[in-house]
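Peer 1: Pasting a structure here, questions to come.
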Amino acid sequence: MVRWTALPALLAPAAICTPAYAVQYLTVEQAQKILLPEAERMVQADIALTPELKRRVEAASGVRVRNDVQRVWHGERAGAPLGWFILDEVVGKHEFITYAIGLDPDGSVRGIEILDYRESYGGQIRDPRWRQQFAGKKNGAALKLDADIRNISGATLSCRNVADGVKRLLALHAFALR
Amino acid sequence: MQIRIVALAACIAALSLPAAAGESPFGYVYTTDTHPQGRWEFEQWVTRRHDQSTGSYDLWQLRSEIEYGVRDDLQTAVYLNYGRVRASGNQPGGTTGPGAFISDSADPNSPYRRSFVESVSNEWIWRILSPYKDAIGLALYVEPSLGENKREIEGKIILHQNFLDDRLVWAANLSAALEKENFHGEWEKESEVELTTGLAWRFAPRWHAGLEYRNHRNYAGHGFSDSKREYSANFLGPSLHYAEASWWMTLTFMKQLGNAKAYNPGAAGDIIDGRFYGEHHERSELRLRVGVPF
């Protein structure tokens, strides 16, 4: 007779033999240098997401705000503001996707960088051509899959959530970083 | 069986390549997720159907499956259904068999065991609407099966939607099947309708915990009219799902509820303490699914 304890033995080989798939593509500092390369220094200026601010961001973006604090830096050169660097996480199929956006002072997207992506499909989300779609977007842009954002096969959930995340951050800029 | 598990574990280990997943957080309920075009996955199912009304009964059903993304919205799979049964005094009168997996020639006064290959199946899933882009996910499923003692064609309508930032997954399937099974030396026609539904909550990265429900209705002959209804049985139980980029597993335990209904005298005789046993159902089922995309 097969004992129930034998069943987990099925899983052990996969766990043992499976290569670690956790990939950190960029550190925060590396992403900051890519998105605001001319900055002499980055000043952390995290934003407390009060219930009122959450409500306004959610109303403007149509995307739920999950966290109570948003990690934000502003870049400076010779004391002059260059733009914003916002670090964020969204839900992927299995794990959180960590990404960052760089914004010009007027709130338009300079670029987007993927720091961690640990999903089965959709590694193309790091493809510059996919990320380039966000460049120049401002608060109010549709940022909708199959409209102004191209989908990636097998990673629809990830693509949609990154697009929604950027939409939420652009609304946050409009209310809290102008 | 232990040899089979070792072999299965070896297959899983051999196929543990860094790649992908098109998994379901449910053991019994399908979602509309399909593999992208050109991607493959190996899946192994192990289902233990345990205990009938008396004596001892264990049916181990195994399914080894290869899935392939034909298009981004169209997936096919080929699988082999096989297993092993072990029974002793499982009939209400205290005798052993016969049944769907127990031969007519089984000695009613002795324990019985046998390994078998049941059928080969070919599954197709066509996703029409995506739960990530549309108001609800919708897919159609068709699966013919062919075996020495079984012919079956099954169809499903699959609904799927995520809620609460994709942390809550809901899916429901309405299935209908037409079968011909060789019972007691004769080919008998029967039909089945199943409604399955489940909710799964992502309580931590990589992990879902859920609850699944299954209603099974059987019909004599081919057709789904009231006059052909034989019985209805219900199952409910929890599921646990773990997934990462290179493999996933789902474990579901389903207990038959004590509210089975019979629609003819023959089926009524197979209901004991509110549960239908007959030839197709047991007191509980435990299913493990392991998937390795490659």
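Identifiers in this document derive from the order of the structure tokens: chains are assigned A, B, ..., residues are numbered from 1 separately in each chain, and ligands are numbered from 1 in order of occurrence.
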Write down as a PDB file with N, CA, C and O atoms, in the first residue's frame the residues of stretch 102-174 of chain A whose backbone DSSP state falls under helix (DSSP H, G or I).

Peer 2:
ATOM      1  N   GLY A 123       9.209  37.038 -20.392  1.00  0.00           N
ATOM      2  CA  GLY A 123      10.496  37.689 -20.164  1.00  0.00           C
ATOM      3  C   GLY A 123      10.696  38.881 -21.094  1.00  0.00           C
ATOM      4  O   GLY A 123      11.501  39.767 -20.817  1.00  0.00           O
ATOM      5  N   GLN A 124       9.903  38.905 -22.184  1.00  0.00           N
ATOM      6  CA  GLN A 124      10.007  40.029 -23.144  1.00  0.00           C
ATOM      7  C   GLN A 124       9.560  41.346 -22.527  1.00  0.00           C
ATOM      8  O   GLN A 124       9.722  42.402 -23.131  1.00  0.00           O
ATOM      9  N   ILE A 125       9.003  41.275 -21.308  1.00  0.00           N
ATOM     10  CA  ILE A 125       8.579  42.503 -20.645  1.00  0.00           C
ATOM     11  C   ILE A 125       9.793  43.412 -20.401  1.00  0.00           C
ATOM     12  O   ILE A 125       9.672  44.616 -20.234  1.00  0.00           O
ATOM     13  N   ARG A 126      10.980  42.801 -20.404  1.00  0.00           N
ATOM     14  CA  ARG A 126      12.206  43.590 -20.234  1.00  0.00           C
ATOM     15  C   ARG A 126      12.720  44.132 -21.567  1.00  0.00           C
ATOM     16  O   ARG A 126      13.663  44.925 -21.598  1.00  0.00           O
ATOM     17  N   PRO A 128      13.418  46.362 -24.491  1.00  0.00           N
ATOM     18  CA  PRO A 128      13.311  47.826 -24.593  1.00  0.00           C
ATOM     19  C   PRO A 128      12.144  48.283 -25.459  1.00  0.00           C
ATOM     20  O   PRO A 128      11.535  49.315 -25.201  1.00  0.00           O
ATOM     21  N   ARG A 129      11.821  47.466 -26.495  1.00  0.00           N
ATOM     22  CA  ARG A 129      10.721  47.874 -27.380  1.00  0.00           C
ATOM     23  C   ARG A 129       9.389  47.864 -26.652  1.00  0.00           C
ATOM     24  O   ARG A 129       8.512  48.674 -26.906  1.00  0.00           O
ATOM     25  N   TRP A 130       9.223  46.927 -25.709  1.00  0.00           N
ATOM     26  CA  TRP A 130       7.968  46.897 -24.949  1.00  0.00           C
ATOM     27  C   TRP A 130       7.942  48.058 -23.956  1.00  0.00           C
ATOM     28  O   TRP A 130       6.949  48.772 -23.836  1.00  0.00           O
ATOM     29  N   ARG A 131       9.071  48.280 -23.297  1.00  0.00           N
ATOM     30  CA  ARG A 131       9.104  49.337 -22.271  1.00  0.00           C
ATOM     31  C   ARG A 131       9.024  50.731 -22.905  1.00  0.00           C
ATOM     32  O   ARG A 131       8.524  51.672 -22.299  1.00  0.00           O
ATOM     33  N   GLN A 132       9.509  50.816 -24.145  1.00  0.00           N
ATOM     34  CA  GLN A 132       9.516  52.110 -24.830  1.00  0.00           C
ATOM     35  C   GLN A 132       8.099  52.649 -25.046  1.00  0.00           C
ATOM     36  O   GLN A 132       7.901  53.858 -25.203  1.00  0.00           O
ATOM     37  N   GLN A 133       7.118  51.730 -25.026  1.00  0.00           N
ATOM     38  CA  GLN A 133       5.731  52.158 -25.243  1.00  0.00           C
ATOM     39  C   GLN A 133       5.263  53.166 -24.197  1.00  0.00           C
ATOM     40  O   GLN A 133       4.323  53.923 -24.415  1.00  0.00           O
ATOM     41  N   PHE A 134       5.909  53.153 -23.020  1.00  0.00           N
ATOM     42  CA  PHE A 134       5.477  54.029 -21.931  1.00  0.00           C
ATOM     43  C   PHE A 134       6.104  55.424 -22.019  1.00  0.00           C
ATOM     44  O   PHE A 134       5.642  56.356 -21.360  1.00  0.00           O
ATOM     45  N   THR A 156      -0.125  38.085 -20.030  1.00  0.00           N
ATOM     46  CA  THR A 156      -1.150  39.131 -20.094  1.00  0.00           C
ATOM     47  C   THR A 156      -1.373  39.765 -18.736  1.00  0.00           C
ATOM     48  O   THR A 156      -1.465  40.989 -18.614  1.00  0.00           O
ATOM     49  N   LEU A 157      -1.440  38.917 -17.706  1.00  0.00           N
ATOM     50  CA  LEU A 157      -1.676  39.451 -16.364  1.00  0.00           C
ATOM     51  C   LEU A 157      -0.537  40.398 -15.958  1.00  0.00           C
ATOM     52  O   LEU A 157      -0.773  41.490 -15.438  1.00  0.00           O
ATOM     53  N   SER A 158       0.704  39.990 -16.222  1.00  0.00           N
ATOM     54  CA  SER A 158       1.856  40.820 -15.863  1.00  0.00           C
ATOM     55  C   SER A 158       1.854  42.132 -16.637  1.00  0.00           C
ATOM     56  O   SER A 158       2.076  43.208 -16.066  1.00  0.00           O
ATOM     57  N   CYS A 159       1.602  42.052 -17.944  1.00  0.00           N
ATOM     58  CA  CYS A 159       1.586  43.269 -18.771  1.00  0.00           C
ATOM     59  C   CYS A 159       0.491  44.226 -18.294  1.00  0.00           C
ATOM     60  O   CYS A 159       0.716  45.434 -18.169  1.00  0.00           O
ATOM     61  N   ARG A 160      -0.684  43.667 -18.048  1.00  0.00           N
ATOM     62  CA  ARG A 160      -1.799  44.525 -17.613  1.00  0.00           C
ATOM     63  C   ARG A 160      -1.477  45.173 -16.276  1.00  0.00           C
ATOM     64  O   ARG A 160      -1.736  46.366 -16.066  1.00  0.00           O
ATOM     65  N   ASN A 161      -0.897  44.401 -15.348  1.00  0.00           N
ATOM     66  CA  ASN A 161      -0.641  44.968 -14.027  1.00  0.00           C
ATOM     67  C   ASN A 161       0.486  45.997 -14.038  1.00  0.00           C
ATOM     68  O   ASN A 161       0.446  46.961 -13.281  1.00  0.00           O
ATOM     69  N   VAL A 162       1.498  45.800 -14.889  1.00  0.00           N
ATOM     70  CA  VAL A 162       2.543  46.831 -15.003  1.00  0.00           C
ATOM     71  C   VAL A 162       1.937  48.104 -15.611  1.00  0.00           C
ATOM     72  O   VAL A 162       2.184  49.220 -15.128  1.00  0.00           O
ATOM     73  N   ALA A 163       1.129  47.938 -16.651  1.00  0.00           N
ATOM     74  CA  ALA A 163       0.490  49.111 -17.270  1.00  0.00           C
ATOM     75  C   ALA A 163      -0.408  49.831 -16.264  1.00  0.00           C
ATOM     76  O   ALA A 163      -0.396  51.070 -16.168  1.00  0.00           O
ATOM     77  N   ASP A 164      -1.168  49.055 -15.496  1.00  0.00           N
ATOM     78  CA  ASP A 164      -2.023  49.657 -14.463  1.00  0.00           C
ATOM     79  C   ASP A 164      -1.174  50.358 -13.396  1.00  0.00           C
ATOM     80  O   ASP A 164      -1.538  51.416 -12.881  1.00  0.00           O
ATOM     81  N   GLY A 165      -0.039  49.723 -13.054  1.00  0.00           N
ATOM     82  CA  GLY A 165       0.840  50.322 -12.041  1.00  0.00           C
ATOM     83  C   GLY A 165       1.369  51.674 -12.497  1.00  0.00           C
ATOM     84  O   GLY A 165       1.386  52.648 -11.737  1.00  0.00           O
ATOM     85  N   VAL A 166       1.797  51.753 -13.750  1.00  0.00           N
ATOM     86  CA  VAL A 166       2.309  53.028 -14.282  1.00  0.00           C
ATOM     87  C   VAL A 166       1.186  54.066 -14.279  1.00  0.00           C
ATOM     88  O   VAL A 166       1.401  55.234 -13.917  1.00  0.00           O
ATOM     89  N   LYS A 167      -0.009  53.627 -14.639  1.00  0.00           N
ATOM     90  CA  LYS A 167      -1.152  54.552 -14.646  1.00  0.00           C
ATOM     91  C   LYS A 167      -1.389  55.108 -13.243  1.00  0.00           C
ATOM     92  O   LYS A 167      -1.642  56.307 -13.059  1.00  0.00           O
ATOM     93  N   ARG A 168      -1.289  54.232 -12.262  1.00  0.00           N
ATOM     94  CA  ARG A 168      -1.481  54.653 -10.863  1.00  0.00           C
ATOM     95  C   ARG A 168      -0.386  55.637 -10.423  1.00  0.00           C
ATOM     96  O   ARG A 168      -0.671  56.646  -9.760  1.00  0.00           O
ATOM     97  N   LEU A 169       0.870  55.370 -10.834  1.00  0.00           N
ATOM     98  CA  LEU A 169       1.964  56.255 -10.433  1.00  0.00           C
ATOM     99  C   LEU A 169       1.861  57.621 -11.110  1.00  0.00           C
ATOM    100  O   LEU A 169       2.226  58.650 -10.522  1.00  0.00           O
ATOM    101  N   LEU A 170       1.369  57.634 -12.343  1.00  0.00           N
ATOM    102  CA  LEU A 170       1.193  58.926 -13.025  1.00  0.00           C
ATOM    103  C   LEU A 170       0.118  59.755 -12.319  1.00  0.00           C
ATOM    104  O   LEU A 170       0.254  60.985 -12.193  1.00  0.00           O
ATOM    105  N   ALA A 171      -0.918  59.095 -11.836  1.00  0.00           N
ATOM    106  CA  ALA A 171      -1.946  59.824 -11.079  1.00  0.00           C
ATOM    107  C   ALA A 171      -1.368  60.307  -9.746  1.00  0.00           C
ATOM    108  O   ALA A 171      -1.653  61.433  -9.302  1.00  0.00           O
ATOM    109  N   LEU A 172      -0.542  59.482  -9.141  1.00  0.00           N
ATOM    110  CA  LEU A 172       0.090  59.893  -7.874  1.00  0.00           C
ATOM    111  C   LEU A 172       0.948  61.141  -8.090  1.00  0.00           C
ATOM    112  O   LEU A 172       0.925  62.072  -7.283  1.00  0.00           O
ATOM    113  N   HIS A 173       1.695  61.170  -9.189  1.00  0.00           N
ATOM    114  CA  HIS A 173       2.502  62.356  -9.478  1.00  0.00           C
ATOM    115  C   HIS A 173       1.617  63.599  -9.593  1.00  0.00           C
ATOM    116  O   HIS A 173       1.937  64.669  -9.057  1.00  0.00           O
ATOM    117  N   ALA A 174       0.491  63.423 -10.273  1.00  0.00           N
ATOM    118  CA  ALA A 174      -0.386  64.578 -10.493  1.00  0.00           C
ATOM    119  C   ALA A 174      -0.894  65.155  -9.180  1.00  0.00           C
ATOM    120  O   ALA A 174      -1.062  66.376  -9.050  1.00  0.00           O
TER     121      ALA A 174
END

Peer 1: For stretch 70-78 of chain A, work out the shell of residues within 8 Å, counting only C-alpha atoms and skipping chain neighbours fewer than 4 positions away, then give it as a PyMOL selection string.

Peer 2: chain A and resi 36+38-49+82-88

Peer 1: State, in Å with one decimal place, the distance from atom CA of B:Phe203 to atom CA of A:Leu26.

Peer 2: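 Atom CA of B:Phe203 sits 26.9 Å away from atom CA of A:Leu26.
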
Peer 1: Leaving out B:Thr54 and any residue of its chain fewer than 4 positions from it, which residues lie within 8 Å of it when counting only C-alpha atoms, given as a tab-separated table (two decimals) with C-alpha atoms, in the first residue's frame?

Peer 2:
chain	number	residue	atom	x	y	z
B	89	GLY	CA	-15.27	-6.54	0.61
B	90	ASN	CA	-16.22	-3.15	-0.84
B	91	GLN	CA	-19.77	-4.04	-1.84
B	92	PRO	CA	-22.67	-3.43	0.56
B	94	GLY	CA	-19.44	-7.49	2.09

Peer 1: Determine which residues of stretch 127-189 of chain B DSSP labels as strand (DSSP E) from the backbone of this structure, then write them out as a PyMOL selection string.

Peer 2: chain B and resi 127-129+137-147+150-163+168-183+186-189

Peer 1: Keeping only C-alpha atoms, write those residues as a PDB file, in the first residue's frame.

Peer 2:
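Wrote it out as again_39.pdb, contents follow:
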ATOM      1  CA  ARG B 127      -9.869  30.633 -25.120  1.00  0.00           C
ATOM      2  CA  ILE B 128     -12.376  33.082 -26.539  1.00  0.00           C
ATOM      3  CA  LEU B 129     -12.210  35.792 -23.847  1.00  0.00           C
ATOM      4  CA  GLY B 137     -12.677  34.723 -19.235  1.00  0.00           C
ATOM      5  CA  LEU B 138     -14.403  32.194 -21.479  1.00  0.00           C
ATOM      6  CA  ALA B 139     -13.000  29.040 -23.052  1.00  0.00           C
ATOM      7  CA  LEU B 140     -14.408  25.989 -24.783  1.00  0.00           C
ATOM      8  CA  TYR B 141     -13.002  22.532 -24.211  1.00  0.00           C
ATOM      9  CA  VAL B 142     -13.414  19.266 -26.073  1.00  0.00           C
ATOM     10  CA  GLU B 143     -11.778  15.961 -25.274  1.00  0.00           C
ATOM     11  CA  PRO B 144     -12.262  12.592 -26.984  1.00  0.00           C
ATOM     12  CA  SER B 145     -10.966   9.506 -25.144  1.00  0.00           C
ATOM     13  CA  LEU B 146     -10.418   6.034 -26.501  1.00  0.00           C
ATOM     14  CA  GLY B 147      -9.683   2.901 -24.501  1.00  0.00           C
ATOM     15  CA  LYS B 150     -14.179   3.047 -22.772  1.00  0.00           C
ATOM     16  CA  ARG B 151     -15.073   5.583 -25.463  1.00  0.00           C
ATOM     17  CA  GLU B 152     -15.909   9.107 -24.422  1.00  0.00           C
ATOM     18  CA  ILE B 153     -16.358  12.595 -25.780  1.00  0.00           C
ATOM     19  CA  GLU B 154     -16.458  15.407 -23.270  1.00  0.00           C
ATOM     20  CA  GLY B 155     -17.104  19.108 -23.684  1.00  0.00           C
ATOM     21  CA  LYS B 156     -16.777  21.969 -21.231  1.00  0.00           C
ATOM     22  CA  ILE B 157     -17.613  25.613 -20.975  1.00  0.00           C
ATOM     23  CA  ILE B 158     -14.968  27.276 -18.824  1.00  0.00           C
ATOM     24  CA  LEU B 159     -15.505  30.583 -17.054  1.00  0.00           C
ATOM     25  CA  HIS B 160     -12.715  32.364 -15.172  1.00  0.00           C
ATOM     26  CA  GLN B 161     -12.275  35.702 -13.469  1.00  0.00           C
ATOM     27  CA  ASN B 162      -9.813  37.194 -11.016  1.00  0.00           C
ATOM     28  CA  PHE B 163     -10.716  39.668  -8.297  1.00  0.00           C
ATOM     29  CA  LEU B 168      -8.708  35.849  -5.740  1.00  0.00           C
ATOM     30  CA  VAL B 169      -9.269  33.417  -8.601  1.00  0.00           C
ATOM     31  CA  TRP B 170     -12.725  32.120  -9.463  1.00  0.00           C
ATOM     32  CA  ALA B 171     -13.489  29.558 -12.114  1.00  0.00           C
ATOM     33  CA  ALA B 172     -16.472  27.406 -13.036  1.00  0.00           C
ATOM     34  CA  ASN B 173     -16.893  24.614 -15.569  1.00  0.00           C
ATOM     35  CA  LEU B 174     -20.016  23.088 -17.002  1.00  0.00           C
ATOM     36  CA  SER B 175     -19.145  19.734 -18.541  1.00  0.00           C
ATOM     37  CA  ALA B 176     -21.129  17.184 -20.514  1.00  0.00           C
ATOM     38  CA  ALA B 177     -19.888  13.791 -21.612  1.00  0.00           C
ATOM     39  CA  LEU B 178     -21.214  10.954 -23.724  1.00  0.00           C
ATOM     40  CA  GLU B 179     -19.677   7.608 -22.846  1.00  0.00           C
ATOM     41  CA  LYS B 180     -19.681   3.978 -23.918  1.00  0.00           C
ATOM     42  CA  GLU B 181     -18.243   1.679 -21.303  1.00  0.00           C
ATOM     43  CA  ASN B 182     -17.794  -2.041 -21.352  1.00  0.00           C
ATOM     44  CA  PHE B 183     -19.530  -3.176 -18.153  1.00  0.00           C
ATOM     45  CA  GLU B 186     -21.650  -5.353 -22.627  1.00  0.00           C
ATOM     46  CA  TRP B 187     -21.145  -1.904 -24.030  1.00  0.00           C
ATOM     47  CA  GLU B 188     -23.373   0.452 -22.072  1.00  0.00           C
ATOM     48  CA  LYS B 189     -24.127   4.010 -23.044  1.00  0.00           C
TER      49      LYS B 189
END

Peer 1: Taking only C-alpha atoms into account, which of A:Ala155, A:Ala60, A:Leu177, A:Leu35 comes nearest chain B?

Peer 2: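 Using only C-alpha atoms, the shortest distance to chain B belongs to A:Ala155.
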
Peer 1: A:Arg178, A:Lys144, A:Lys138, A:Lys33: which is nearest chain B, counting only C-alpha atoms?

Peer 2: A:Lys144

Peer 1: I want to know what sits within 12 Å of B:Ser24, based on only C-alpha atoms, with residues of the same chain fewer than 6 positions away left out; could you give that as an MDAnalysis selection string?

Peer 2: (chainID A and resid 93:94) or (chainID B and resid 30:35 43 160 169:171 198:200 207:210 239:243 247:252 288:291)

Peer 1: Could the residues in this selection be written to a file with N, CA, C and O atoms, as a CSV table (one decimal), in the first residue's frame?

Peer 2:
chain,number,residue,atom,x,y,z
A,93,LYS,N,1.9,36.7,-12.1
A,93,LYS,CA,1.2,35.4,-12.0
A,93,LYS,C,1.6,34.6,-10.7
A,93,LYS,O,0.7,34.1,-10.0
A,94,HIS,N,2.9,34.6,-10.4
A,94,HIS,CA,3.3,33.9,-9.2
A,94,HIS,C,3.9,34.8,-8.1
A,94,HIS,O,3.7,34.5,-6.9
B,30,TYR,N,-11.0,23.8,-14.3
B,30,TYR,CA,-10.1,24.4,-15.3
B,30,TYR,C,-10.3,25.9,-15.3
B,30,TYR,O,-11.4,26.4,-15.1
B,31,THR,N,-9.2,26.6,-15.5
B,31,THR,CA,-9.2,28.0,-15.8
B,31,THR,C,-9.0,28.2,-17.3
B,31,THR,O,-8.8,27.3,-18.0
B,32,THR,N,-9.1,29.4,-17.8
B,32,THR,CA,-9.0,29.7,-19.2
B,32,THR,C,-7.5,29.9,-19.6
B,32,THR,O,-7.3,30.2,-20.8
B,33,ASP,N,-6.6,29.8,-18.7
B,33,ASP,CA,-5.2,30.0,-19.0
B,33,ASP,C,-4.7,29.0,-19.9
B,33,ASP,O,-4.9,27.8,-19.7
B,34,THR,N,-4.1,29.4,-21.0
B,34,THR,CA,-3.5,28.4,-22.0
B,34,THR,C,-2.0,28.8,-22.2
B,34,THR,O,-1.6,29.9,-21.9
B,35,HIS,N,-1.3,27.8,-22.7
B,35,HIS,CA,0.1,28.1,-23.0
B,35,HIS,C,0.3,29.0,-24.2
B,35,HIS,O,-0.5,28.9,-25.2
B,43,GLU,N,2.5,17.4,-17.6
B,43,GLU,CA,1.7,17.3,-16.3
B,43,GLU,C,1.6,15.9,-15.9
B,43,GLU,O,1.3,15.0,-16.7
B,160,HIS,N,-13.8,32.1,-16.1
B,160,HIS,CA,-12.7,32.4,-15.2
B,160,HIS,C,-12.7,33.9,-15.0
B,160,HIS,O,-12.8,34.6,-15.9
B,169,VAL,N,-9.0,34.0,-7.3
B,169,VAL,CA,-9.3,33.4,-8.6
B,169,VAL,C,-10.6,32.6,-8.5
B,169,VAL,O,-10.7,31.8,-7.5
B,170,TRP,N,-11.5,32.9,-9.4
B,170,TRP,CA,-12.7,32.1,-9.5
B,170,TRP,C,-12.8,31.5,-10.8
B,170,TRP,O,-12.5,32.1,-11.8
B,171,ALA,N,-13.2,30.2,-10.8
B,171,ALA,CA,-13.5,29.6,-12.1
B,171,ALA,C,-14.7,28.6,-11.9
B,171,ALA,O,-14.9,28.1,-10.8
B,198,GLY,N,-14.7,26.8,-8.2
B,198,GLY,CA,-13.8,26.9,-7.1
B,198,GLY,C,-13.3,28.4,-6.9
B,198,GLY,O,-13.4,29.2,-7.9
B,199,LEU,N,-12.9,28.6,-5.7
B,199,LEU,CA,-12.3,29.9,-5.4
B,199,LEU,C,-10.9,29.7,-4.8
B,199,LEU,O,-10.8,28.8,-4.0
B,200,ALA,N,-9.9,30.4,-5.2
B,200,ALA,CA,-8.6,30.3,-4.7
B,200,ALA,C,-8.0,31.6,-4.3
B,200,ALA,O,-8.1,32.6,-5.1
B,207,TRP,N,1.8,30.9,-3.5
B,207,TRP,CA,0.8,30.0,-2.8
B,207,TRP,C,-0.6,30.5,-3.0
B,207,TRP,O,-0.9,31.7,-2.8
B,208,HIS,N,-1.5,29.5,-3.3
B,208,HIS,CA,-3.0,29.7,-3.3
B,208,HIS,C,-3.6,28.7,-2.4
B,208,HIS,O,-3.2,27.5,-2.4
B,209,ALA,N,-4.6,29.1,-1.6
B,209,ALA,CA,-5.4,28.1,-0.9
B,209,ALA,C,-6.8,28.3,-1.4
B,209,ALA,O,-7.3,29.4,-1.6
B,210,GLY,N,-7.5,27.2,-1.6
B,210,GLY,CA,-8.9,27.3,-2.2
B,210,GLY,C,-9.9,26.3,-1.8
B,210,GLY,O,-9.6,25.5,-0.9
B,239,SER,N,-8.2,23.0,-1.5
B,239,SER,CA,-7.1,22.8,-2.4
B,239,SER,C,-5.9,23.7,-2.0
B,239,SER,O,-6.1,24.8,-1.4
B,240,LEU,N,-4.7,23.3,-2.3
B,240,LEU,CA,-3.5,24.0,-2.0
B,240,LEU,C,-2.7,24.0,-3.3
B,240,LEU,O,-2.4,23.0,-3.9
B,241,HIS,N,-2.2,25.2,-3.7
B,241,HIS,CA,-1.4,25.3,-4.9
B,241,HIS,C,-0.1,26.1,-4.7
B,241,HIS,O,-0.1,27.1,-4.0
B,242,TYR,N,0.9,25.6,-5.3
B,242,TYR,CA,2.2,26.2,-5.2
B,242,TYR,C,2.8,26.3,-6.6
B,242,TYR,O,2.7,25.4,-7.4
B,243,ALA,N,3.3,27.5,-7.0
B,243,ALA,CA,3.8,27.6,-8.3
B,243,ALA,C,5.0,28.6,-8.3
B,243,ALA,O,5.1,29.6,-7.6
B,247,TRP,N,8.0,25.2,-12.2
B,247,TRP,CA,7.1,24.1,-11.9
B,247,TRP,C,6.0,24.5,-11.0
B,247,TRP,O,6.1,25.6,-10.4
B,248,TRP,N,5.0,23.7,-10.9
B,248,TRP,CA,3.9,24.0,-10.0
B,248,TRP,C,3.2,22.7,-9.6
B,248,TRP,O,3.4,21.6,-10.2
B,249,MET,N,2.5,22.8,-8.5
B,249,MET,CA,1.7,21.6,-8.0
B,249,MET,C,0.4,22.1,-7.4
B,249,MET,O,0.3,23.2,-6.8
B,250,THR,N,-0.6,21.3,-7.5
B,250,THR,CA,-1.9,21.5,-6.9
B,250,THR,C,-2.3,20.2,-6.2
B,250,THR,O,-2.3,19.2,-6.8
B,251,LEU,N,-2.8,20.4,-4.9
B,251,LEU,CA,-3.3,19.2,-4.1
B,251,LEU,C,-4.7,19.6,-3.7
B,251,LEU,O,-4.9,20.6,-3.1
B,252,THR,N,-5.6,18.7,-4.1
B,252,THR,CA,-7.0,18.9,-3.7
B,252,THR,C,-7.6,17.7,-3.1
B,252,THR,O,-7.4,16.6,-3.6
B,288,LEU,N,-3.4,15.0,-6.8
B,288,LEU,CA,-2.1,15.8,-6.9
B,288,LEU,C,-1.8,16.1,-8.4
B,288,LEU,O,-1.8,15.1,-9.2
B,289,ARG,N,-1.6,17.3,-8.8
B,289,ARG,CA,-1.2,17.6,-10.1
B,289,ARG,C,0.1,18.3,-10.0
B,289,ARG,O,0.3,19.3,-9.2
B,290,VAL,N,1.1,17.9,-10.9
B,290,VAL,CA,2.4,18.6,-10.9
B,290,VAL,C,2.6,18.9,-12.4
B,290,VAL,O,2.5,18.1,-13.3
B,291,GLY,N,3.0,20.1,-12.6
B,291,GLY,CA,3.2,20.6,-14.0
B,291,GLY,C,4.6,21.2,-14.1
B,291,GLY,O,5.1,21.9,-13.2

Peer 1: Quick one: residues within 12 Å of B:His280, only C-alpha atoms counted, chain neighbours fewer than 3 positions away excluded, as a PyMOL selection string?

Peer 2: chain B and resi 49-52+57+59+98-102+181+183+192+216-218+231-233+267+270+275-277+283-285

Peer 1: Please compute the atom CA of B:Asp58-atom CA of B:Ala262 distance, one decimal, in Å.

Peer 2: 24.0 Å

Peer 1: Using only C-alpha atoms, determine which residues lie at most 7 Å from A:Ile112, disregarding the query and same-chain residues fewer than 2 positions distant; provide the list as a list of chain:residue names.

Peer 2: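 Residues meeting the cut-off are A:Ala100, A:Ile101, A:Gly102, A:Ile114, A:Arg131.
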
Peer 1: Under the rule that only C-alpha atoms are counted, which of A:Leu115, A:Ala176, A:Ala31, A:Val65 is the nearest residue to chain B?

Peer 2: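 Selected residue with least distance to chain B: A:Val65.
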